[in-house]
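Engineer: Below is the structure I would like to discuss, written out as structure tokens.
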Amino acid sequence: VQLQASGGGLVQAGGSLRLSCAASGDTFSTRHAAWFRQAAGKEREFVAGINWGSTNTYYIEAVKGRFTISRDNAKNTLYLEMNSLKPMDTAVYYCAADARNYRGYVSHQITSYDYWGQGTQVTVSS
């Protein structure tokens, strides 16, 4: 699976962005997927995850109610809708696909994901 993230940019606080992650390969639809982010000088962290069938989603507390993860398996695309953005959301955002097909749970661990997009910069100004 190869992933290509896009949609980042510069936005004022309170604004919105929609990230997309286009996947190639025929097994994306059988893998859980997630968005991670890495701010300057910090470790990469899990932001949101979605199971392969889109029936379950997971978010860190800091983005609950503001971010929405979704996927369209027919289009092999993962999305992250980000609203009410804050300066603390500034980071490089990475999409990722699980190393295993049909894992029994959506992992929050970096090591569970073998496939990564190249990252897209999101900058929120105050």
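Every chain in the structure tokens has a letter given in the order shown (A, B, ...), and although residue numbers restart at 1 in each chain, ligands are simply numbered from 1 in the order shown.
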Tell me, as a PyMOL selection string, which residues lie within 7 Å of stretch 84-88 of chain A, counting only C-alpha atoms; anything in the same chain fewer than 5 positions away does not count.
Structural biologist: chain A and resi 13-16+66+124-126
Engineer: With N, CA and C atoms kept, could you save the residues just selected as a PDB file, in the first residue's frame?
Structural biologist:
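What ended up in part_9.pdb:
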ATOM      1  N   ALA A  13      -6.544  30.689  13.258  1.00  0.00           N
ATOM      2  CA  ALA A  13      -7.238  30.004  14.346  1.00  0.00           C
ATOM      3  C   ALA A  13      -8.750  30.114  14.150  1.00  0.00           C
ATOM      4  N   GLY A  14      -9.429  28.990  14.373  1.00  0.00           N
ATOM      5  CA  GLY A  14     -10.864  28.951  14.149  1.00  0.00           C
ATOM      6  C   GLY A  14     -11.250  28.485  12.761  1.00  0.00           C
ATOM      7  N   GLY A  15     -10.278  28.379  11.877  1.00  0.00           N
ATOM      8  CA  GLY A  15     -10.541  27.958  10.517  1.00  0.00           C
ATOM      9  C   GLY A  15     -10.615  26.452  10.364  1.00  0.00           C
ATOM     10  N   SER A  16     -10.750  26.027   9.114  1.00  0.00           N
ATOM     11  CA  SER A  16     -10.930  24.607   8.811  1.00  0.00           C
ATOM     12  C   SER A  16     -10.010  24.170   7.675  1.00  0.00           C
ATOM     13  N   ARG A  66     -13.887  18.361  17.204  1.00  0.00           N
ATOM     14  CA  ARG A  66     -13.373  19.310  16.188  1.00  0.00           C
ATOM     15  C   ARG A  66     -12.916  18.600  14.914  1.00  0.00           C
ATOM     16  N   VAL A 124      -1.384  26.686  11.945  1.00  0.00           N
ATOM     17  CA  VAL A 124      -2.518  27.488  12.416  1.00  0.00           C
ATOM     18  C   VAL A 124      -1.969  28.732  13.103  1.00  0.00           C
ATOM     19  N   SER A 125      -2.298  29.870  12.565  1.00  0.00           N
ATOM     20  CA  SER A 125      -1.804  31.128  13.138  1.00  0.00           C
ATOM     21  C   SER A 125      -2.822  31.692  14.124  1.00  0.00           C
ATOM     22  N   SER A 126      -2.302  32.386  15.120  1.00  0.00           N
ATOM     23  CA  SER A 126      -3.189  32.950  16.152  1.00  0.00           C
ATOM     24  C   SER A 126      -3.647  34.347  15.788  1.00  0.00           C
TER      25      SER A 126
END
Engineer: Residues at most 12 Å from A:His32, counting only C-alpha atoms, excluding those fewer than 5 positions away in the same chain, as a VMD selection string?
Structural biologist: chain A and resid 27 48 to 58 69 to 71 73 78 95 to 108 112 to 115
Engineer: Name the residues of stretch 21-121 of chain A that come out as strand (DSSP E) in a backbone DSSP run; write them as a ChimeraX atom specification.
Structural biologist: /A:21-24,33-38,45-50,57-59,67-72,77-82,91-98,113-116,120-121
Engineer: For those residues, write N, CA and C atoms to a file as a CSV table (one decimal), in the first residue's frame.
Structural biologist:
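Result file follows (result.csv):
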chain,number,residue,atom,x,y,z
A,21,CYS,N,-5.9,11.5,1.9
A,21,CYS,CA,-4.8,10.5,1.8
A,21,CYS,C,-5.2,9.5,0.8
A,22,ALA,N,-4.6,9.6,-0.4
A,22,ALA,CA,-4.9,8.6,-1.5
A,22,ALA,C,-4.1,7.4,-1.4
A,23,ALA,N,-4.7,6.2,-1.4
A,23,ALA,CA,-4.0,5.0,-1.3
A,23,ALA,C,-4.0,4.2,-2.6
A,24,SER,N,-2.9,3.6,-2.9
A,24,SER,CA,-2.8,2.7,-4.0
A,24,SER,C,-2.5,1.3,-3.5
A,33,ALA,N,-7.0,2.4,9.5
A,33,ALA,CA,-6.2,3.6,9.0
A,33,ALA,C,-6.2,4.7,10.1
A,34,ALA,N,-5.3,5.5,10.1
A,34,ALA,CA,-5.2,6.6,11.1
A,34,ALA,C,-4.4,7.8,10.6
A,35,TRP,N,-4.6,8.9,11.3
A,35,TRP,CA,-3.8,10.1,11.1
A,35,TRP,C,-3.0,10.3,12.4
A,36,PHE,N,-1.8,10.6,12.2
A,36,PHE,CA,-0.8,11.0,13.2
A,36,PHE,C,-0.3,12.4,12.9
A,37,ARG,N,0.2,13.0,13.9
A,37,ARG,CA,0.9,14.3,13.7
A,37,ARG,C,2.1,14.5,14.5
A,38,GLN,N,3.0,15.3,14.0
A,38,GLN,CA,4.3,15.5,14.7
A,38,GLN,C,4.6,17.0,14.7
A,45,GLU,N,2.4,11.6,17.3
A,45,GLU,CA,1.3,11.2,18.1
A,45,GLU,C,0.1,10.8,17.3
A,46,PHE,N,-0.6,9.8,17.8
A,46,PHE,CA,-1.9,9.4,17.2
A,46,PHE,C,-2.9,10.5,17.4
A,47,VAL,N,-3.7,10.8,16.3
A,47,VAL,CA,-4.7,11.8,16.3
A,47,VAL,C,-6.1,11.2,16.2
A,48,ALA,N,-6.2,10.4,15.2
A,48,ALA,CA,-7.6,9.7,15.0
A,48,ALA,C,-7.4,8.5,14.2
A,49,GLY,N,-8.3,7.5,14.4
A,49,GLY,CA,-8.2,6.2,13.7
A,49,GLY,C,-9.6,5.8,13.3
A,50,ILE,N,-9.6,4.9,12.3
A,50,ILE,CA,-10.9,4.4,11.8
A,50,ILE,C,-10.7,2.9,11.4
A,57,THR,N,-14.7,4.9,15.0
A,57,THR,CA,-13.7,5.9,15.0
A,57,THR,C,-13.1,6.2,16.3
A,58,TYR,N,-11.9,6.7,16.4
A,58,TYR,CA,-11.2,7.0,17.7
A,58,TYR,C,-10.5,8.3,17.5
A,59,TYR,N,-10.5,9.1,18.6
A,59,TYR,CA,-9.8,10.4,18.6
A,59,TYR,C,-9.1,10.6,19.9
A,67,PHE,N,-12.4,17.4,15.1
A,67,PHE,CA,-11.9,16.6,13.9
A,67,PHE,C,-12.8,15.5,13.6
A,68,THR,N,-12.9,15.1,12.3
A,68,THR,CA,-13.6,13.9,11.9
A,68,THR,C,-12.8,13.1,10.9
A,69,ILE,N,-12.6,11.9,11.3
A,69,ILE,CA,-11.9,11.0,10.3
A,69,ILE,C,-13.0,10.2,9.6
A,70,SER,N,-12.7,9.9,8.3
A,70,SER,CA,-13.6,9.1,7.5
A,70,SER,C,-12.8,8.5,6.4
A,71,ARG,N,-13.4,7.6,5.7
A,71,ARG,CA,-12.7,6.9,4.6
A,71,ARG,C,-13.8,6.5,3.5
A,72,ASP,N,-13.3,6.4,2.3
A,72,ASP,CA,-14.1,6.0,1.2
A,72,ASP,C,-13.3,4.8,0.5
A,77,THR,N,-9.5,6.2,-0.3
A,77,THR,CA,-9.1,7.5,0.2
A,77,THR,C,-9.5,7.6,1.7
A,78,LEU,N,-8.6,8.2,2.5
A,78,LEU,CA,-8.8,8.5,3.9
A,78,LEU,C,-8.9,10.0,4.0
A,79,TYR,N,-9.7,10.5,4.9
A,79,TYR,CA,-9.9,11.9,5.1
A,79,TYR,C,-9.8,12.3,6.6
A,80,LEU,N,-9.4,13.6,6.8
A,80,LEU,CA,-9.5,14.2,8.1
A,80,LEU,C,-10.0,15.6,8.0
A,81,GLU,N,-11.2,15.7,8.5
A,81,GLU,CA,-11.9,17.1,8.5
A,81,GLU,C,-11.5,17.7,9.8
A,82,MET,N,-10.9,18.9,9.7
A,82,MET,CA,-10.4,19.6,10.9
A,82,MET,C,-11.1,21.0,11.0
A,91,ALA,N,1.4,21.2,13.0
A,91,ALA,CA,2.2,20.0,13.0
A,91,ALA,C,2.2,19.5,11.5
A,92,VAL,N,3.1,18.5,11.3
A,92,VAL,CA,3.0,17.7,10.1
A,92,VAL,C,2.1,16.6,10.3
A,93,TYR,N,1.1,16.4,9.4
A,93,TYR,CA,0.1,15.3,9.6
A,93,TYR,C,0.5,14.2,8.6
A,94,TYR,N,0.4,13.0,9.2
A,94,TYR,CA,0.7,11.8,8.4
A,94,TYR,C,-0.5,10.8,8.4
A,95,CYS,N,-0.8,10.3,7.3
A,95,CYS,CA,-1.8,9.2,7.2
A,95,CYS,C,-1.0,7.9,7.3
A,96,ALA,N,-1.7,6.9,7.8
A,96,ALA,CA,-1.1,5.6,8.0
A,96,ALA,C,-2.1,4.5,7.8
A,97,ALA,N,-1.6,3.3,7.3
A,97,ALA,CA,-2.4,2.1,7.2
A,97,ALA,C,-1.8,1.0,8.0
A,98,ASP,N,-2.7,0.2,8.6
A,98,ASP,CA,-2.2,-0.9,9.5
A,98,ASP,C,-1.4,-1.9,8.8
A,113,TYR,N,1.6,0.4,12.4
A,113,TYR,CA,1.4,0.9,11.0
A,113,TYR,C,2.6,0.8,10.2
A,114,ASP,N,2.5,0.1,9.1
A,114,ASP,CA,3.7,-0.2,8.2
A,114,ASP,C,3.7,0.8,7.0
A,115,TYR,N,2.5,1.4,6.7
A,115,TYR,CA,2.4,2.2,5.5
A,115,TYR,C,2.1,3.6,5.9
A,116,TRP,N,2.9,4.5,5.4
A,116,TRP,CA,2.8,5.9,5.8
A,116,TRP,C,2.8,6.9,4.6
A,120,THR,N,1.9,16.1,5.5
A,120,THR,CA,1.4,17.4,5.0
A,120,THR,C,1.4,18.4,6.1
A,121,GLN,N,2.0,19.6,5.9
A,121,GLN,CA,2.1,20.6,6.9
A,121,GLN,C,0.8,21.3,7.2
Engineer: Give me, please, the distance in Å between atom CA of A:Leu19 and atom CA of A:Asn76, quoted to one decimal.
Structural biologist: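 Separation between atom CA of A:Leu19 and atom CA of A:Asn76: 14.0 Å.
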Engineer: Rounded to one decimal in Å, what is the spacing between atom CA of A:Ile110 and atom CA of A:Gln12?
Structural biologist: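 Straight-line distance from atom CA of A:Ile110 to atom CA of A:Gln12 works out to 29.2 Å.
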Engineer: Pull the helix (DSSP H, G or I) assignments for stretch 40-118 of chain A out of DSSP run on the backbone, and list those residues as a list of chain:residue names.
Structural biologist: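 Filtering stretch 40-118 of chain A down to helix (DSSP H, G or I) leaves A:Glu61, A:Ala62, A:Val63, A:Pro87, A:Met88, A:Asp89, A:Ile110, A:Thr111, A:Ser112.
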Engineer: Just to be explicit: take each residue in the selection above, keep C-alpha atoms, and write the result as a short mmCIF file (atom, residue, chain, number, x, y, z; two decimals), in the first residue's frame.
Structural biologist:
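part.cif was written with the following content:
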data_model
loop_
_atom_site.label_atom_id
_atom_site.label_comp_id
_atom_site.auth_asym_id
_atom_site.auth_seq_id
_atom_site.Cartn_x
_atom_site.Cartn_y
_atom_site.Cartn_z
CA GLU A 61 -9.14 14.08 23.66
CA ALA A 62 -7.54 17.22 22.27
CA VAL A 63 -9.38 16.94 18.93
CA PRO A 87 -2.35 26.99 17.08
CA MET A 88 -1.65 23.82 19.08
CA ASP A 89 -2.78 21.80 16.05
CA ILE A 110 3.04 3.90 15.61
CA THR A 111 4.57 0.45 15.41
CA SER A 112 1.27 -1.07 14.28
#
Engineer: Can you work out which one of A:Thr30, A:Asn83, A:Ser6, A:Thr123 has the shortest atom-to-atom distance to A:Lys64, counting only C-alpha atoms?
Structural biologist: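 Looking only at the distances to A:Lys64, the closest residue turns out to be A:Asn83.
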